[in-house]
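See structure below.
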Amino acid sequence: MNQTVDAPAKATEKKHTQRHIRKVAILGSGVMGSRIACHFANIGCQVVLLDIVPFELSEKEKAAGLTKEHPGVRNRLVNDFLQSAIKSSPAPLYDKNFASRITTGNFDDDLKKIADCDLILEAVIERLDIKQNLYEKVEKYRKAGTIIASNTSGIPMQMLTKGRSDDFKQHFCGMHFFNPPRYLRLLEIIPAPETKPEIVDFLMHYGDLYLGKKTVLCKDTPAFIANRVGIFGIMTTLHTVEKLGLGVAEVDKLTGPVIGRPKSATFRTLDVVGLDTSIKVSNGLAENLPNDERHEVFKMPKIVAELEKRGWYGDKTKQGYYKKTVVDGKKEILELNLETFEYQTQSKPKFEVLEKTKSIDVLKKRFPVLLADKGKAGEFYRATFYDMFAYVTNRVPEIADELYKIDDAICAGFAWEVGPFETWDALGVKETLEKMKAEGFKPAAWVEEMLAAGCESFYTFKDGAKHFYDVASKSYKKIPGAESIILIDALRGNNKVWGNAGASLYDTGDGILLLEYHTKMNSMGQEVLEGLNTAISMAEKDYRGLVIGNEAQQFSAGANLAMLYMYALEQEFDEVEMMIRQFQNTIMRLRYSSIPVVAAPSGLALGGGCETLLHVDHIQAHAESYIGLVEVGVGLIPAGGGTKEMTMRVADACVNGDPMLNRLQDAFINIATAKVATSANEAKGLGYLKDTDKITLNRDRLLADAKEAAIRLSEAGYTQPAPREDVYVGGSTVMATFKAGAVGMMYGHYASEHDVKIAEKVAYVMSGGNLSSGAYVTEQYLLDLEREAFLSLCGERKTLERINSILTKGKPLRN
């Protein structure tokens, strides 16, 4: 396959190697179609994106004297949709240059182009007649044996394939992506009655390895798995809100990150998605599920029906549960009063139980505290959690034979950190069941049977792998695919070889250690530095490689600023100098250890987290890695080797006569503006990843891929490198150029006076300090300059103000 999946993937099964996806046709270029096209372009496919010919000329086309036969007119819809997608935020492409892999056209003129496509994916409007009419045309051009799929969110497969040829039916399957396709990891695979098993197997494998998705095999039931359970969760929440009289901001406070859900929580999510969309899906479920034991939940509560009546659907109508407005020249967000349906100033709700959980960083440990609360928050949590627990047990085996598929689908499709069965495990299955029954919630009978048989949880870990309780066999079974991934939970017992409050070290087998941080945002304080030094020492003594990674949302948000701020505020500069030196020494041990060190970032890798990446032997990055040197934002410069390393990388790249000043200026600007790469692909372009570093698309595979990379480096005969003494720096000419650029930014009102001062410190290090001309220097020389510049900035009042803003408000300060 030609996809840009460059993980050190193991050889795949033979049944998957005989089919290749090089070219994809996406039929329908709306919100989903255009973004699905972008994601196929992300992985290296050539994409043909087609849509209908416009019915009428636009006013602009009329003014230009164009006719309906003009190519620009005939492709206007598809081109407009694609450009809108490319410009949208969050970006659907890993790199905007990947848009060149997409060609556009229309159904009337260009449908013949599907003839040489390896996969045809339909993503037109959710109307059976329109889809069937399109399929009839597709049959004229589709090559026999080509996979044909639909992104339908709920139309039964059998109805979609009615009247089609045997070959069409045998190669047809549902491929249901979630919006936005790049970011939401779920891909539901729904076989039609006559779909060949090998087609299903291929799509499950392809979605996992190449599209980077959590592929979940679904039964052809209404709304499949994720929407069936997710919409139930939303609707039971809305009914509970109405019953308890909670407000919009209160509910979003309770249903966001504190319980492992997205920041948009409940009502903000409804506004973003569009209330009309949620109403349509919920009404469809109410209509198609007359025998669902919780059928009444899908009926509209007043707090939804009233907004539908008024046409307040959220962002698309400029108002919903929230409304953006301007008051006294300032932008303000108002919230809807759910009793009067009038907008009011957004409240800042506080719940006592949420204050209690602020110090509990581990999500699963928060749940018992939240549900034990005696106030309205606890009542809300018990009602919504217990209702969800009961509901999902009654969906086995209706929508899924295996319970883990429900957890997988809701987590990957709705961005929950923990699914309902795993949440129930965290609360204790037996004790929670008794509380549920006492409050009138009735789960399926198999839960009591499970407990009676001595199985006390839905999941367990055995032999280094995650197992689930299989309802049909009444026993635990290993989750399929476990051999391809590393789960840290499976290592926490006998495989843990060292640990402290901020880090843990595990033996993953095959001579490879894994270091996991578990501080808040995985920030790097004293405990993490101790972990890094211990891991290297132990690996050098008894192992053959080290991986640094985790299963958290962020790799590392950077150094822990609290202790630095305290010392700087008290002007204990000897202590600050010692802290910086220790950090530098630790980071340099990563570079100059006697064993290969591999980092496996996903999510944020900022500041010290980025500097860690810059000094390991190999980076195995998740595609969704956001990497950057952001110290300028807190009034400092990268002093853990980051400024030194970017200088050295440019010097090394310019040995063949490349224009060093231009490339060094790019690196300088990236540091001085705290530029963060928005994907691993972009990180390569910014120089944070090298060409030899690799990218893994599926987050689940990341640690296993990193481990395999460490083994590969070891078996290739890893040799401990020597500290560099030949780093070229440009001297005063470079410094003058950079300083002039920084001052120009200030006069252009793009930078403050303090920004310029910080930028001049960056320039001081990157040019080699007080050198009159270009010269070769050692790495240690540049590290000393970093430390000097960092230390001087710690004495600046405006730097301390910036650090304080981050620590107290969580927001950067521009001063």
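Labels for the structure tokens follow display order: chains A, B, ..., residues from 1 in each chain, ligands from 1.
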Skipping near chain neighbours, those fewer than 3 positions away, what residues fall within 12 Å of Gly454 (chain A) using only C-alpha atoms, listed as a PDB file with C-alpha atoms, in the first residue's frame?
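And here is the file that came out, result04.pdb:
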ATOM      1  CA  VAL A 429     -19.754  -3.555  39.937  1.00  0.00           C
ATOM      2  CA  LYS A 430     -21.395  -5.309  42.892  1.00  0.00           C
ATOM      3  CA  VAL A 447     -24.929  -8.850  35.262  1.00  0.00           C
ATOM      4  CA  GLU A 448     -26.182 -10.689  38.371  1.00  0.00           C
ATOM      5  CA  GLU A 449     -25.277 -14.009  36.731  1.00  0.00           C
ATOM      6  CA  MET A 450     -21.753 -12.701  36.139  1.00  0.00           C
ATOM      7  CA  LEU A 451     -21.359 -11.726  39.776  1.00  0.00           C
ATOM      8  CA  SER A 457     -15.690  -6.947  36.925  1.00  0.00           C
ATOM      9  CA  PHE A 458     -16.407  -6.463  33.229  1.00  0.00           C
ATOM     10  CA  TYR A 469     -16.461 -10.743  30.294  1.00  0.00           C
ATOM     11  CA  LYS A 474     -20.035 -16.654  30.708  1.00  0.00           C
ATOM     12  CA  SER A 475     -16.243 -16.384  30.901  1.00  0.00           C
ATOM     13  CA  TYR A 476     -13.422 -13.928  30.331  1.00  0.00           C
TER      14      TYR A 476
END
Going by DSSP on the backbone, which residues of region 439-596 of chain A come out as helix (DSSP H, G or I)? List them as a ChimeraX atom specification. /A:445-452,482-484,488-490,520-522,526-542,561-569,573-591
Go ahead and dump the residues you just picked, C-alpha atoms, as a CSV table (one decimal), in the first residue's frame.
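selection_24.csv written:
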chain,number,residue,atom,x,y,z
A,445,ALA,CA,-30.1,-10.3,34.2
A,446,TRP,CA,-26.6,-11.4,32.9
A,447,VAL,CA,-24.9,-8.8,35.3
A,448,GLU,CA,-26.2,-10.7,38.4
A,449,GLU,CA,-25.3,-14.0,36.7
A,450,MET,CA,-21.8,-12.7,36.1
A,451,LEU,CA,-21.4,-11.7,39.8
A,452,ALA,CA,-22.9,-15.0,41.0
A,482,ALA,CA,-4.2,-7.4,22.1
A,483,GLU,CA,-1.0,-8.9,20.8
A,484,SER,CA,-0.5,-5.7,18.6
A,488,ILE,CA,0.1,0.1,30.6
A,489,ASP,CA,-2.7,-1.2,32.9
A,490,ALA,CA,-1.6,-4.7,32.0
A,520,LYS,CA,-0.7,16.7,36.0
A,521,MET,CA,-0.4,17.3,32.2
A,522,ASN,CA,2.7,15.1,32.6
A,526,GLN,CA,11.8,16.6,40.2
A,527,GLU,CA,10.1,13.2,40.2
A,528,VAL,CA,10.1,13.0,36.4
A,529,LEU,CA,13.7,13.9,36.2
A,530,GLU,CA,14.5,11.3,38.8
A,531,GLY,CA,12.5,8.8,36.7
A,532,LEU,CA,14.4,9.7,33.5
A,533,ASN,CA,17.8,9.3,35.2
A,534,THR,CA,16.8,6.0,36.9
A,535,ALA,CA,15.3,4.6,33.7
A,536,ILE,CA,18.6,5.3,31.8
A,537,SER,CA,20.7,3.8,34.6
A,538,MET,CA,18.6,0.7,34.8
A,539,ALA,CA,18.4,0.2,31.1
A,540,GLU,CA,22.2,0.7,30.7
A,541,LYS,CA,22.8,-2.0,33.3
A,542,ASP,CA,20.3,-4.7,32.6
A,561,LEU,CA,7.0,26.0,36.7
A,562,ALA,CA,5.8,26.2,40.3
A,563,MET,CA,9.2,25.6,42.0
A,564,LEU,CA,11.0,27.7,39.5
A,565,TYR,CA,8.5,30.6,40.1
A,566,MET,CA,9.0,30.3,43.9
A,567,TYR,CA,12.8,30.4,43.7
A,568,ALA,CA,12.8,33.3,41.1
A,569,LEU,CA,10.3,35.3,43.1
A,573,PHE,CA,19.1,32.4,41.7
A,574,ASP,CA,21.7,29.8,42.7
A,575,GLU,CA,18.7,27.4,43.2
A,576,VAL,CA,17.4,28.4,39.8
A,577,GLU,CA,20.8,27.8,38.2
A,578,MET,CA,21.0,24.4,39.8
A,579,MET,CA,17.5,23.5,38.5
A,580,ILE,CA,18.3,24.4,34.9
A,581,ARG,CA,21.7,22.6,35.1
A,582,GLN,CA,20.0,19.4,36.4
A,583,PHE,CA,17.4,19.6,33.7
A,584,GLN,CA,20.0,20.0,31.0
A,585,ASN,CA,22.1,17.2,32.4
A,586,THR,CA,19.1,14.9,32.4
A,587,ILE,CA,18.1,15.7,28.8
A,588,MET,CA,21.7,15.3,27.6
A,589,ARG,CA,21.7,11.8,29.2
A,590,LEU,CA,19.0,10.9,26.8
A,591,ARG,CA,21.3,11.8,23.9
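For region 72-301 of chain A, backbone-based DSSP labels the following residues as strand (DSSP E): Ile102, Thr103, Thr104, Gly105, Asn106, Leu119, Ile120, Leu121, Glu122, Ile147, Ile148, Ala149, Ser150, Phe172, Cys173, Gly174, Met175, His176, Phe177, Leu186, Leu187, Glu188, Ile189, Ile190, Pro191, Lys214, Thr215, Val216 and Leu217 of chain A.
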